[in-house]
Every structure is written in C-alpha cells, then in structure tokens.
$ cat protein-v5.cif   # mmCIF, C-alpha atoms
data_run
loop_
_atom_site.label_atom_id
_atom_site.label_comp_id
_atom_site.auth_asym_id
_atom_site.auth_seq_id
_atom_site.Cartn_x
_atom_site.Cartn_y
_atom_site.Cartn_z
CA MET F 12 -12.38 5.65 38.06
CA LYS F 13 -12.00 2.62 35.78
CA ILE F 14 -8.47 1.74 34.69
CA ILE F 15 -7.86 0.15 31.31
CA LEU F 16 -4.70 -1.05 29.63
CA LEU F 17 -4.41 -0.50 25.89
CA LEU F 18 -1.49 -1.39 23.66
CA THR F 19 -0.69 1.83 21.87
CA CYS F 20 2.20 4.17 21.43
CA PHE F 21 1.75 7.92 21.42
CA ILE F 22 2.07 9.56 24.82
CA PRO F 23 5.64 10.86 25.32
CA VAL F 24 6.16 9.30 28.75
CA ALA F 25 5.11 5.85 27.59
CA TYR F 26 6.27 5.26 24.04
CA CYS F 27 5.55 1.78 22.71
CA THR F 28 4.32 0.38 26.02
CA LEU F 29 1.06 -0.47 27.69
CA ILE F 30 -0.42 2.84 28.74
CA ILE F 31 -3.14 3.49 31.29
CA ILE F 32 -6.37 4.91 29.93
CA ARG F 33 -8.68 6.52 32.43
CA ARG F 34 -12.25 6.16 31.30
CA GLY F 35 -14.52 8.85 32.57
CA ASP F 36 -12.26 11.89 32.08
CA ASP F 37 -11.01 13.89 29.10
CA LYS F 38 -7.29 13.67 29.72
CA LEU F 39 -6.54 11.05 27.07
CA TRP F 40 -8.40 13.04 24.40
CA GLU F 41 -6.42 16.15 25.29
CA GLU F 42 -3.13 14.24 25.32
CA TYR F 43 -3.97 12.74 21.94
CA LYS F 44 -4.70 16.14 20.41
CA ASN F 45 -1.55 17.65 21.85
CA HIS F 46 0.69 14.83 20.68
CA PHE F 47 -0.64 14.88 17.11
CA SER F 48 -0.98 18.69 16.97
CA LYS F 49 -4.76 18.55 16.51
CA LYS F 50 -6.43 21.91 17.04
CA TYR F 51 -10.21 22.19 16.74
CA SER F 52 -12.97 24.71 17.28
CA ASP F 53 -15.50 23.77 19.93
CA LEU F 54 -17.89 22.59 17.22
CA ASP F 55 -15.28 20.43 15.47
CA ASP F 56 -14.06 19.09 18.79
CA ALA F 57 -17.58 17.90 19.59
CA LEU F 58 -17.74 16.14 16.20
CA LYS F 59 -14.29 14.54 16.43
CA ARG F 60 -14.48 13.24 19.99
CA PRO F 61 -17.11 10.51 19.31
CA ILE F 62 -15.04 9.24 16.36
CA PHE F 63 -12.00 9.01 18.61
CA ASP F 64 -13.97 7.27 21.37
CA LYS F 65 -15.34 4.71 18.89
CA ALA F 66 -11.87 3.97 17.50
CA LEU F 67 -10.53 3.63 21.03
CA GLN F 68 -13.23 1.15 21.97
CA GLU F 69 -12.58 -0.93 18.84
CA MET F 70 -8.86 -1.04 19.63
CA TRP F 71 -9.58 -2.01 23.22
CA GLU F 72 -11.77 -4.93 22.17
CA HIS F 73 -9.30 -6.08 19.53
CA ASN F 74 -6.27 -5.83 21.81
CA LYS F 75 -7.96 -7.89 24.48
CA GLY F 76 -7.98 -10.68 21.92
CA TYR F 77 -4.38 -9.95 20.98
CA HIS F 78 -3.18 -10.34 24.58
CA LYS F 79 -5.12 -13.60 24.86
CA GLY F 80 -3.39 -14.90 21.75
CA GLU F 81 -6.60 -14.76 19.70
CA GLN F 82 -5.33 -12.07 17.32
CA SER F 83 -1.98 -11.98 15.53
CA PHE F 84 -1.56 -8.19 15.56
CA SER F 85 -2.19 -5.25 17.85
CA MET F 86 -3.84 -1.92 17.13
CA GLY F 87 -2.87 1.52 18.41
CA LEU F 88 -3.85 5.16 18.26
CA ASN F 89 -2.34 7.29 15.50
CA HIS F 90 -3.09 10.42 13.47
CA PHE F 91 -6.08 8.69 11.80
CA SER F 92 -7.90 7.94 15.04
CA ASP F 93 -10.25 10.95 14.99
CA MET F 94 -10.91 11.02 11.23
CA THR F 95 -14.02 9.91 9.37
CA ASP F 96 -13.82 7.17 6.75
CA ASP F 97 -14.15 9.75 3.98
CA GLU F 98 -11.36 11.89 5.44
CA ILE F 99 -9.02 8.93 5.70
CA ASN F 100 -9.83 7.69 2.21
CA ALA F 101 -9.10 11.15 0.78
CA LEU F 102 -5.82 11.49 2.65
CA ALA F 103 -4.34 8.03 2.86
CA SER F 104 -5.10 6.32 -0.42
CA GLY F 105 -4.71 7.28 -4.08
CA LEU F 106 -4.35 4.02 -6.03
CA GLU F 107 -6.86 3.89 -8.88
CA ASP F 108 -9.10 0.85 -8.75
CA LYS F 109 -8.48 -0.38 -12.31
CA MET F 110 -5.01 -1.11 -13.63
CA GLU F 111 -4.62 0.55 -17.02
CA CYS F 112 -1.02 0.55 -18.23
CA ASN F 113 0.78 0.33 -21.56
CA ASN F 114 3.05 -2.53 -20.53
CA LYS F 115 0.63 -5.32 -19.62
CA SER F 116 2.26 -8.04 -21.70
CA LEU F 117 5.62 -7.81 -19.88
CA LEU F 118 5.34 -10.21 -16.96
CA TYR F 119 8.01 -11.35 -14.54
CA SER F 120 8.88 -15.00 -15.05
CA PRO F 121 10.85 -16.22 -12.03
CA PRO F 122 13.63 -18.77 -12.50
CA SER F 123 12.61 -22.33 -11.71
CA ASN F 124 14.29 -24.22 -8.87
CA HIS F 125 16.34 -21.21 -7.77
CA PRO F 126 17.10 -21.31 -4.02
CA ILE F 127 15.91 -18.42 -1.88
CA PRO F 128 16.35 -17.71 1.83
CA ASP F 129 13.61 -18.51 4.35
CA GLY F 130 13.34 -14.82 5.12
CA ILE F 131 14.81 -11.49 4.11
CA ASP F 132 14.51 -7.85 5.19
CA TRP F 133 15.84 -5.39 2.59
CA ASN F 134 15.57 -2.51 5.03
CA LYS F 135 18.15 -4.17 7.26
CA ARG F 136 20.33 -4.85 4.22
CA GLY F 137 20.46 -1.20 3.19
CA TYR F 138 18.11 -1.26 0.19
CA VAL F 139 15.41 0.98 1.72
CA THR F 140 15.37 4.72 2.44
CA ARG F 141 13.56 6.41 5.32
CA VAL F 142 9.78 6.23 5.74
CA MET F 143 7.95 9.25 4.33
CA ASN F 144 4.49 10.74 4.90
CA GLN F 145 2.29 11.33 1.86
CA GLY F 146 0.20 13.70 3.97
CA LYS F 147 -2.97 14.99 2.36
CA CYS F 148 -1.89 14.05 -1.17
CA GLY F 149 -3.27 10.85 -2.73
CA ALA F 150 0.10 9.85 -4.20
CA CYS F 151 0.77 6.54 -2.44
CA TRP F 152 1.59 5.11 -5.89
CA ALA F 153 4.49 7.59 -6.24
CA PHE F 154 5.96 6.58 -2.86
CA SER F 155 5.55 2.90 -3.62
CA GLY F 156 7.09 3.25 -7.06
CA VAL F 157 10.03 5.32 -5.85
CA ALA F 158 10.87 2.90 -3.03
CA ALA F 159 11.04 -0.02 -5.47
CA LEU F 160 13.24 2.03 -7.84
CA GLU F 161 15.58 2.95 -4.99
CA GLY F 162 15.98 -0.76 -4.26
CA GLN F 163 16.77 -1.54 -7.90
CA LEU F 164 19.36 1.23 -8.03
CA LYS F 165 21.01 -0.29 -4.98
CA ARG F 166 20.94 -3.78 -6.53
CA ARG F 167 22.27 -2.65 -9.89
CA HIS F 168 24.83 -0.03 -8.90
CA GLY F 169 25.46 -0.58 -5.19
CA LYS F 170 24.31 2.84 -3.99
CA LEU F 171 21.21 3.91 -2.06
CA VAL F 172 19.88 7.28 -3.21
CA LYS F 173 16.70 9.00 -2.00
CA LEU F 174 14.64 9.72 -5.13
CA SER F 175 11.84 12.19 -5.79
CA GLU F 176 8.22 11.20 -5.18
CA GLN F 177 7.31 14.75 -6.12
CA GLN F 178 8.60 14.27 -9.66
CA LEU F 179 6.38 11.24 -10.19
CA THR F 180 3.45 13.14 -8.66
CA ASP F 181 3.91 16.22 -10.85
CA CYS F 182 5.20 14.72 -14.08
CA SER F 183 3.20 11.54 -14.74
CA THR F 184 0.04 13.33 -15.86
CA LEU F 185 1.37 12.76 -19.39
CA THR F 186 0.76 9.04 -18.94
CA GLY F 187 -2.61 9.37 -17.19
CA ASN F 188 -1.96 9.92 -13.48
CA SER F 189 -3.79 12.71 -11.63
CA LYS F 190 -1.20 14.14 -9.23
CA CYS F 191 -2.77 14.07 -5.73
CA GLY F 192 -6.04 12.86 -7.23
CA GLY F 193 -4.79 9.31 -7.77
CA GLY F 194 -2.67 7.21 -10.08
CA GLN F 195 -0.79 3.98 -10.67
CA MET F 196 2.80 2.88 -10.26
CA CYS F 197 3.06 1.58 -13.83
CA ARG F 198 2.04 4.93 -15.31
CA ALA F 199 4.49 6.73 -13.04
CA TYR F 200 7.24 4.47 -14.37
CA GLU F 201 6.11 5.08 -17.94
CA ALA F 202 6.43 8.84 -17.44
CA ALA F 203 9.86 8.45 -15.83
CA ILE F 204 10.98 6.36 -18.82
CA VAL F 205 9.95 9.19 -21.14
CA HIS F 206 11.95 11.67 -19.05
CA GLY F 207 14.97 9.36 -18.84
CA GLY F 208 14.98 8.82 -15.09
CA VAL F 209 13.95 10.14 -11.69
CA ASP F 210 15.56 13.12 -9.98
CA THR F 211 16.96 13.00 -6.46
CA GLU F 212 14.79 14.11 -3.57
CA ASP F 213 17.38 16.74 -2.64
CA SER F 214 16.84 18.43 -6.01
CA TYR F 215 13.07 17.87 -6.16
CA PRO F 216 11.69 17.52 -2.58
CA TYR F 217 8.21 16.38 -1.62
CA GLU F 218 5.65 19.19 -1.17
CA ASP F 219 2.43 17.39 -0.11
CA GLU F 220 0.59 18.75 -3.17
CA GLY F 221 0.70 18.52 -6.94
CA GLY F 222 2.47 21.14 -9.02
CA ASP F 223 4.02 21.85 -12.40
CA CYS F 224 6.58 19.32 -13.63
CA ARG F 225 10.10 20.56 -12.84
CA PHE F 226 12.10 17.50 -13.90
CA SER F 227 15.74 18.30 -14.64
CA PRO F 228 18.02 15.84 -16.50
CA GLU F 229 20.99 17.27 -14.60
CA ASN F 230 19.51 16.01 -11.31
CA ILE F 231 18.69 12.41 -12.26
CA GLY F 232 19.38 10.06 -9.37
CA SER F 233 18.39 6.86 -11.16
CA PRO F 234 17.71 5.79 -14.73
CA ILE F 235 14.72 3.60 -15.58
CA LYS F 236 14.15 1.65 -18.80
CA GLY F 237 10.99 -0.30 -18.05
CA TYR F 238 9.13 -2.37 -15.51
CA LEU F 239 7.83 -5.89 -15.03
CA GLU F 240 4.53 -6.98 -13.56
CA ILE F 241 3.99 -9.89 -11.22
CA PRO F 242 1.46 -12.31 -12.77
CA TYR F 243 -1.94 -11.54 -11.26
CA GLY F 244 -2.43 -13.14 -7.87
CA ASP F 245 0.77 -15.20 -8.05
CA GLU F 246 2.22 -15.08 -4.54
CA HIS F 247 5.03 -17.46 -5.46
CA ALA F 248 6.21 -15.23 -8.31
CA LEU F 249 6.00 -12.26 -5.95
CA LEU F 250 8.04 -14.13 -3.35
CA MET F 251 10.72 -14.95 -5.92
CA ALA F 252 10.87 -11.34 -7.08
CA VAL F 253 11.25 -9.99 -3.55
CA ALA F 254 13.88 -12.61 -2.74
CA LEU F 255 15.94 -12.30 -5.94
CA ILE F 256 15.27 -8.77 -7.21
CA GLY F 257 14.52 -6.66 -4.13
CA PRO F 258 11.67 -4.36 -3.01
CA VAL F 259 8.49 -4.52 -5.11
CA ALA F 260 5.72 -1.90 -5.44
CA ALA F 261 2.27 -3.34 -4.70
CA GLY F 262 -1.36 -2.33 -4.39
CA LEU F 263 -3.64 -3.52 -1.60
CA ASP F 264 -6.95 -3.03 0.18
CA GLY F 265 -5.89 -0.32 2.63
CA TYR F 266 -9.36 0.91 3.55
CA ARG F 267 -9.91 -1.47 6.47
CA PRO F 268 -10.16 0.29 9.88
CA LYS F 269 -7.94 -2.36 11.44
CA PHE F 270 -5.24 -1.69 8.87
CA ARG F 271 -5.34 2.06 9.55
CA HIS F 272 -4.67 1.39 13.22
CA TYR F 273 -2.23 -1.49 12.82
CA LYS F 274 0.52 -1.26 15.42
CA SER F 275 2.52 -4.50 15.56
CA GLY F 276 2.46 -8.22 14.84
CA ILE F 277 1.29 -9.97 11.66
CA TYR F 278 -1.71 -8.27 10.09
CA ASP F 279 -4.31 -10.94 9.32
CA ASP F 280 -7.81 -9.73 8.42
CA PRO F 281 -10.07 -12.21 6.59
CA GLY F 282 -12.26 -9.33 5.40
CA CYS F 283 -9.37 -7.69 3.54
CA SER F 284 -10.09 -7.84 -0.21
CA ASN F 285 -7.67 -9.23 -2.80
CA THR F 286 -9.49 -7.51 -5.67
CA THR F 287 -10.60 -4.08 -4.43
CA LEU F 288 -7.35 -2.14 -4.13
CA ASP F 289 -7.15 1.51 -3.10
CA HIS F 290 -3.69 1.99 -1.60
CA ALA F 291 -0.10 1.23 -2.57
CA LEU F 292 3.02 0.45 -0.57
CA THR F 293 6.30 -1.39 -1.03
CA ILE F 294 7.07 -5.00 -0.14
CA THR F 295 10.53 -4.95 1.43
CA GLY F 296 10.89 -8.51 2.67
CA TYR F 297 9.23 -11.65 3.95
CA GLY F 298 9.57 -14.27 6.67
CA THR F 299 7.79 -16.73 8.95
CA GLU F 300 6.90 -16.30 12.62
CA ASN F 301 5.13 -18.80 14.87
CA GLY F 302 4.06 -20.77 11.82
CA LYS F 303 2.65 -17.74 9.99
CA ASP F 304 4.19 -16.62 6.71
CA TYR F 305 4.30 -12.85 6.29
CA TRP F 306 5.37 -10.01 4.02
CA ILE F 307 7.27 -6.98 5.31
CA VAL F 308 5.87 -3.76 3.84
CA LYS F 309 6.92 -0.12 3.92
CA ASN F 310 4.05 2.37 4.06
CA SER F 311 3.87 6.11 3.34
CA TRP F 312 1.84 7.11 6.42
CA SER F 313 4.83 8.30 8.49
CA THR F 314 6.68 6.49 11.28
CA ARG F 315 3.69 7.06 13.56
CA TRP F 316 1.87 4.22 11.81
CA GLY F 317 2.71 0.57 12.44
CA GLU F 318 6.21 -0.48 13.43
CA ASP F 319 7.98 2.80 12.63
CA GLY F 320 6.18 2.96 9.29
CA PHE F 321 6.55 -0.76 8.45
CA ALA F 322 4.23 -3.72 8.92
CA LYS F 323 4.09 -7.48 8.67
CA MET F 324 1.17 -8.78 6.59
CA ILE F 325 -0.05 -12.35 6.25
CA ARG F 326 1.39 -14.29 3.29
CA ASN F 327 0.19 -17.47 1.57
CA LYS F 328 -3.40 -16.98 2.69
CA ASN F 329 -5.32 -16.65 -0.57
CA ASN F 330 -3.44 -13.47 -1.50
CA GLN F 331 -5.08 -11.64 1.41
CA CYS F 332 -5.35 -7.87 0.85
CA GLY F 333 -4.24 -8.33 -2.78
CA LEU F 334 -0.52 -7.69 -2.52
CA ALA F 335 0.06 -10.03 -5.48
CA SER F 336 -2.85 -8.61 -7.48
CA ARG F 337 -1.09 -5.48 -8.68
CA ALA F 338 2.64 -5.70 -8.05
CA VAL F 339 5.38 -4.23 -10.26
CA PHE F 340 9.06 -3.43 -10.09
CA PRO F 341 11.20 -1.15 -12.28
CA VAL F 342 14.06 -2.26 -14.52
CA LEU F 343 17.17 -0.15 -15.11
CA ASP F 344 18.39 -1.78 -18.33
CA ALA F 345 16.92 -2.47 -21.76
CA LYS F 346 17.62 -4.59 -24.84
CA PRO F 347 18.42 -2.92 -28.18
CA ASP F 348 14.71 -3.13 -29.05
CA GLY F 349 13.88 -1.13 -25.93
CA SER F 350 12.30 -3.96 -23.92
CA PRO F 351 13.39 -4.15 -20.26
CA VAL F 352 15.99 -6.71 -19.26
CA LEU F 353 17.17 -7.76 -15.81
CA LEU F 354 20.92 -7.37 -15.46
CA GLY F 355 23.27 -7.12 -12.52
CA PRO F 356 23.61 -9.31 -9.44
CA ARG F 357 20.73 -11.03 -7.74
CA ALA F 358 19.70 -8.93 -4.77
CA MET F 359 20.51 -11.81 -2.40
#
$ encode --input "protein-v5.cif" --output "structure tokens"
Amino acid sequence: MKIILLLTCFIPVAYCTLIIIRRGDDKLWEEYKNHFSKKYSDLDDALKRPIFDKALQEMWEHNKGYHKGEQSFSMGLNHFSDMTDDEINALASGLEDKMECNNKSLLYSPPSNHPIPDGIDWNKRGYVTRVMNQGKCGACWAFSGVAALEGQLKRRHGKLVKLSEQQLTDCSTLTGNSKCGGGQMCRAYEAAIVHGGVDTEDSYPYEDEGGDCRFSPENIGSPIKGYLEIPYGDEHALLMAVALIGPVAAGLDGYRPKFRHYKSGIYDDPGCSNTTLDHALTITGYGTENGKDYWIVKNSWSTRWGEDGFAKMIRNKNNQCGLASRAVFPVLDAKPDGSPVLLGPRAM
C-alpha cells in the first residue's frame, strides 16, 4: 500500500496537520463523506468519487511544490472537493460580472502623505464578526457588504454588532439585486440607505435562501448614509482605505480551483483574473511576509475553508484577482446635501 502525505485539515484525529492518505483503498473517501455529512445514492457516489480523486491529485501535486518552497500557499480538502465546476459556481459565487450602481462618481480620495502601519489585522483588533457560510445562496455580496459595514460601525461608534446579511439579500431587489441569484455590494448599500439602516442578525437571521423583505426600523443595528468606491484598479488607494478606514468589501475572481481549495499561506495564482469577477469577500487587513505583500480577506464559505475562513492573498502584483477592481466601503454620515462624508476617528 502506497503512503502519501498531504497537507489538509479535515479528519477529526488530525486537524490541521499532515495526514496519511492510503492510495488503493476507499477509507479516505468514506472519511471525507462522513466528516462533511455527504450522503449519496450509489449512482451519485459513483459520479462524485472521480471528482474527489481528481481534486485530491491536484492538491497532492501542488502541495509537493509547496513543501519544496516552490509555491507560496497550500491546498486542502473541504466541502467543495467533490463538486463539479457548475455546482461550485452556483453555490459559492453570486457577484454580478458588470458593476452597475447609482453612485459611480463618488470615489475615495486617500489623504496624501498620511502615515500607515506596515501591517494591520482588523480581526485581531475587534472590527470583524465571526465567519459565516453563505451556503447554497449566491449572496456573497451581502456578506461582503455587511462585514464592511460592521467595521465602519465599530470605527464610528466603538461597538461591534453582528448585522443581517438576510436583510440585504431579501430587501435589495428594489435597487436591482436578485436575492440568491446574484447582486452587488453597492446596490445592497443603496437599498439599505433607502430603508435607513441594516437590522441586527439577531432580529433578522440568515436563512440560506431569499425571502420577502422583513426589515424593521425598530431593529436597526447600524445606520448607513452612503458608500465610496475605490478608484478602479488602484491598489494604493485600497491600501490606504484598509489602513485608515477599516474593512473594505471587494470583488474578485473566485472561480479558480486553487482558490476553492486554498488552505494556508499567501495565495498567488498568475492565472487569477483582475477583470472577470464572480465572487465577493471582505478585505480585513494587509501585511508582508518573506518579502511578499499580501491582503487579509474574510470569506463567506465557512471556517472549513482557508485559515478558519480567512486567507492571505498576494498584494502589489498587478492587482491579481481584481481585489482593487470593484472595492467599496459604506459611510455612516452625510452632508446636508445627502452626500456621504467620512467622520469619526481613523480606524488606526
């Protein structure tokens, strides 16, 4: 029996360690299904197993390079590992390809010559709530938008409140979003502005499907008056916003198989597009490691993906994956004419 080592993290007796994979038997497949509560008919099992085996082989080849120092990130098994591309795209994306918002002229203009730290992690500073799982609903834009709003509420008023992704999912059809069928962060913010704010998650919990809008003014957890966009492709402006303002909602190319199975390290994939964006997440920090600049991002694919739901992604490499191509953050205050204005302390 051939013994293989694979960097992954799903079998209970070997969390986050090198586990032994025994090629030639079915035990790993059964352990995988049990751990992720996968139950299939004999026919479906026969269809899923080759997908799993292919993903496993790709991870094995990639992780050999990682352990030799040829790759900057590792890959690992997760709940996507036996899904087809179409299944994953239907479940794990949701960002519409074209940005069509009503607020395009309002761009973030960072202050010139303002000092910023070499690195920052807003999760460690208490600006970020727990990682969620969007499940089978294509509402990544709602999770991304809410996480950035939670950070702004913390910056402006000093309190961290879990807000409702379900409200943005259900109630932003009035501005053009399609519930679980896709949407954009800017349009979610526009709907929340019309309503006067976003309810707390306790009052309006996530349901993994779209429904009728049940927004209640009595349950508002955070106001919102507007939002600002990062100038297209401007990684420096994005860096300044993350450093001085806090978490920022961003689109990216999340369709890459390597990204789906990211486990640890700095994600660096030259094939990752900076123009074709299909997923959204939240940038919660940045830093530099072994000479590589990176972003810290919070995803909505549960804590079983990446580093407990977070990842490091390459920064200052031609806007790889497009994080600076469609990035926005909400604003809690407005001028008398209704235009958004940044008030309150710098997030630093």
$ closest_atom_pairs --input "protein-v5.cif" --of "range 203-276 of chain F" --to "range 348-357 of chain F" --cutoff "8 Å" --atoms "only C-alpha atoms" --output "tab-separated table"
residue	atom	partner	partner_atom	distance
F:Lys236	CA	F:Pro351	CA	6.0
F:Gly237	CA	F:Pro351	CA	5.0
F:Tyr238	CA	F:Pro351	CA	6.6
F:Leu239	CA	F:Pro351	CA	7.8
F:Leu255	CA	F:Arg357	CA	5.3
F:Ile256	CA	F:Arg357	CA	5.9
$ closest_residue --input "protein-v5.cif" --among "F:Leu334, F:Ala158, F:Ile62, F:Met324" --to "Trp306 in chain F" --atoms "all atoms listed in the file"
F:Met324
$ resolve_selection --input "protein-v5.cif" --expression "the PyMOL selection byres ((chain F and resi 342) around 12)" --output "ChimeraX atom specification"
/F:117,119,156,159-167,197,200-201,203-204,208,233-240,256-259,339-341,343-346,349-355
$ closest_residue --input "protein-v5.cif" --among "F:Ala338, F:Leu292, F:Val308, F:Ala322" --to "Gln145 in chain F" --atoms "only C-alpha atoms"
F:Leu292
$ closest_residue --input "protein-v5.cif" --among "F:Ala261, F:Leu174, F:Ile127, F:Leu118" --to "Thr140 in chain F" --atoms "only C-alpha atoms"
F:Leu174
$ atom_distance --input "protein-v5.cif" --atom1 "CA of Glu81 in chain F" --atom2 "CA of Cys283 in chain F"
17.9 Å
$ atom_distance --input "protein-v5.cif" --atom1 "CA of Ser48 in chain F" --atom2 "CA of Ser313 in chain F"
14.6 Å
$ resolve_selection --input "protein-v5.cif" --expression "the PyMOL selection byres ((chain F and resi 212-224) around 9)" --output "PDB file with C-alpha atoms, keeping the file's coordinate frame"
ATOM      1  CA  ASN F 144       4.490  10.740   4.900  1.00  0.00           C
ATOM      2  CA  GLN F 145       2.290  11.330   1.860  1.00  0.00           C
ATOM      3  CA  GLY F 146       0.200  13.700   3.970  1.00  0.00           C
ATOM      4  CA  LYS F 147      -2.970  14.990   2.360  1.00  0.00           C
ATOM      5  CA  CYS F 148      -1.890  14.050  -1.170  1.00  0.00           C
ATOM      6  CA  GLY F 149      -3.270  10.850  -2.730  1.00  0.00           C
ATOM      7  CA  ALA F 150       0.100   9.850  -4.200  1.00  0.00           C
ATOM      8  CA  VAL F 172      19.880   7.280  -3.210  1.00  0.00           C
ATOM      9  CA  LYS F 173      16.700   9.000  -2.000  1.00  0.00           C
ATOM     10  CA  LEU F 174      14.640   9.720  -5.130  1.00  0.00           C
ATOM     11  CA  SER F 175      11.840  12.190  -5.790  1.00  0.00           C
ATOM     12  CA  GLU F 176       8.220  11.200  -5.180  1.00  0.00           C
ATOM     13  CA  GLN F 177       7.310  14.750  -6.120  1.00  0.00           C
ATOM     14  CA  GLN F 178       8.600  14.270  -9.660  1.00  0.00           C
ATOM     15  CA  LEU F 179       6.380  11.240 -10.190  1.00  0.00           C
ATOM     16  CA  THR F 180       3.450  13.140  -8.660  1.00  0.00           C
ATOM     17  CA  ASP F 181       3.910  16.220 -10.850  1.00  0.00           C
ATOM     18  CA  CYS F 182       5.200  14.720 -14.080  1.00  0.00           C
ATOM     19  CA  SER F 183       3.200  11.540 -14.740  1.00  0.00           C
ATOM     20  CA  SER F 189      -3.790  12.710 -11.630  1.00  0.00           C
ATOM     21  CA  LYS F 190      -1.200  14.140  -9.230  1.00  0.00           C
ATOM     22  CA  CYS F 191      -2.770  14.070  -5.730  1.00  0.00           C
ATOM     23  CA  GLY F 192      -6.040  12.860  -7.230  1.00  0.00           C
ATOM     24  CA  ASP F 210      15.560  13.120  -9.980  1.00  0.00           C
ATOM     25  CA  THR F 211      16.960  13.000  -6.460  1.00  0.00           C
ATOM     26  CA  ARG F 225      10.100  20.560 -12.840  1.00  0.00           C
ATOM     27  CA  PHE F 226      12.100  17.500 -13.900  1.00  0.00           C
ATOM     28  CA  SER F 227      15.740  18.300 -14.640  1.00  0.00           C
ATOM     29  CA  ASN F 230      19.510  16.010 -11.310  1.00  0.00           C
ATOM     30  CA  ILE F 231      18.690  12.410 -12.260  1.00  0.00           C
ATOM     31  CA  GLY F 232      19.380  10.060  -9.370  1.00  0.00           C
TER      32      GLY F 232
END
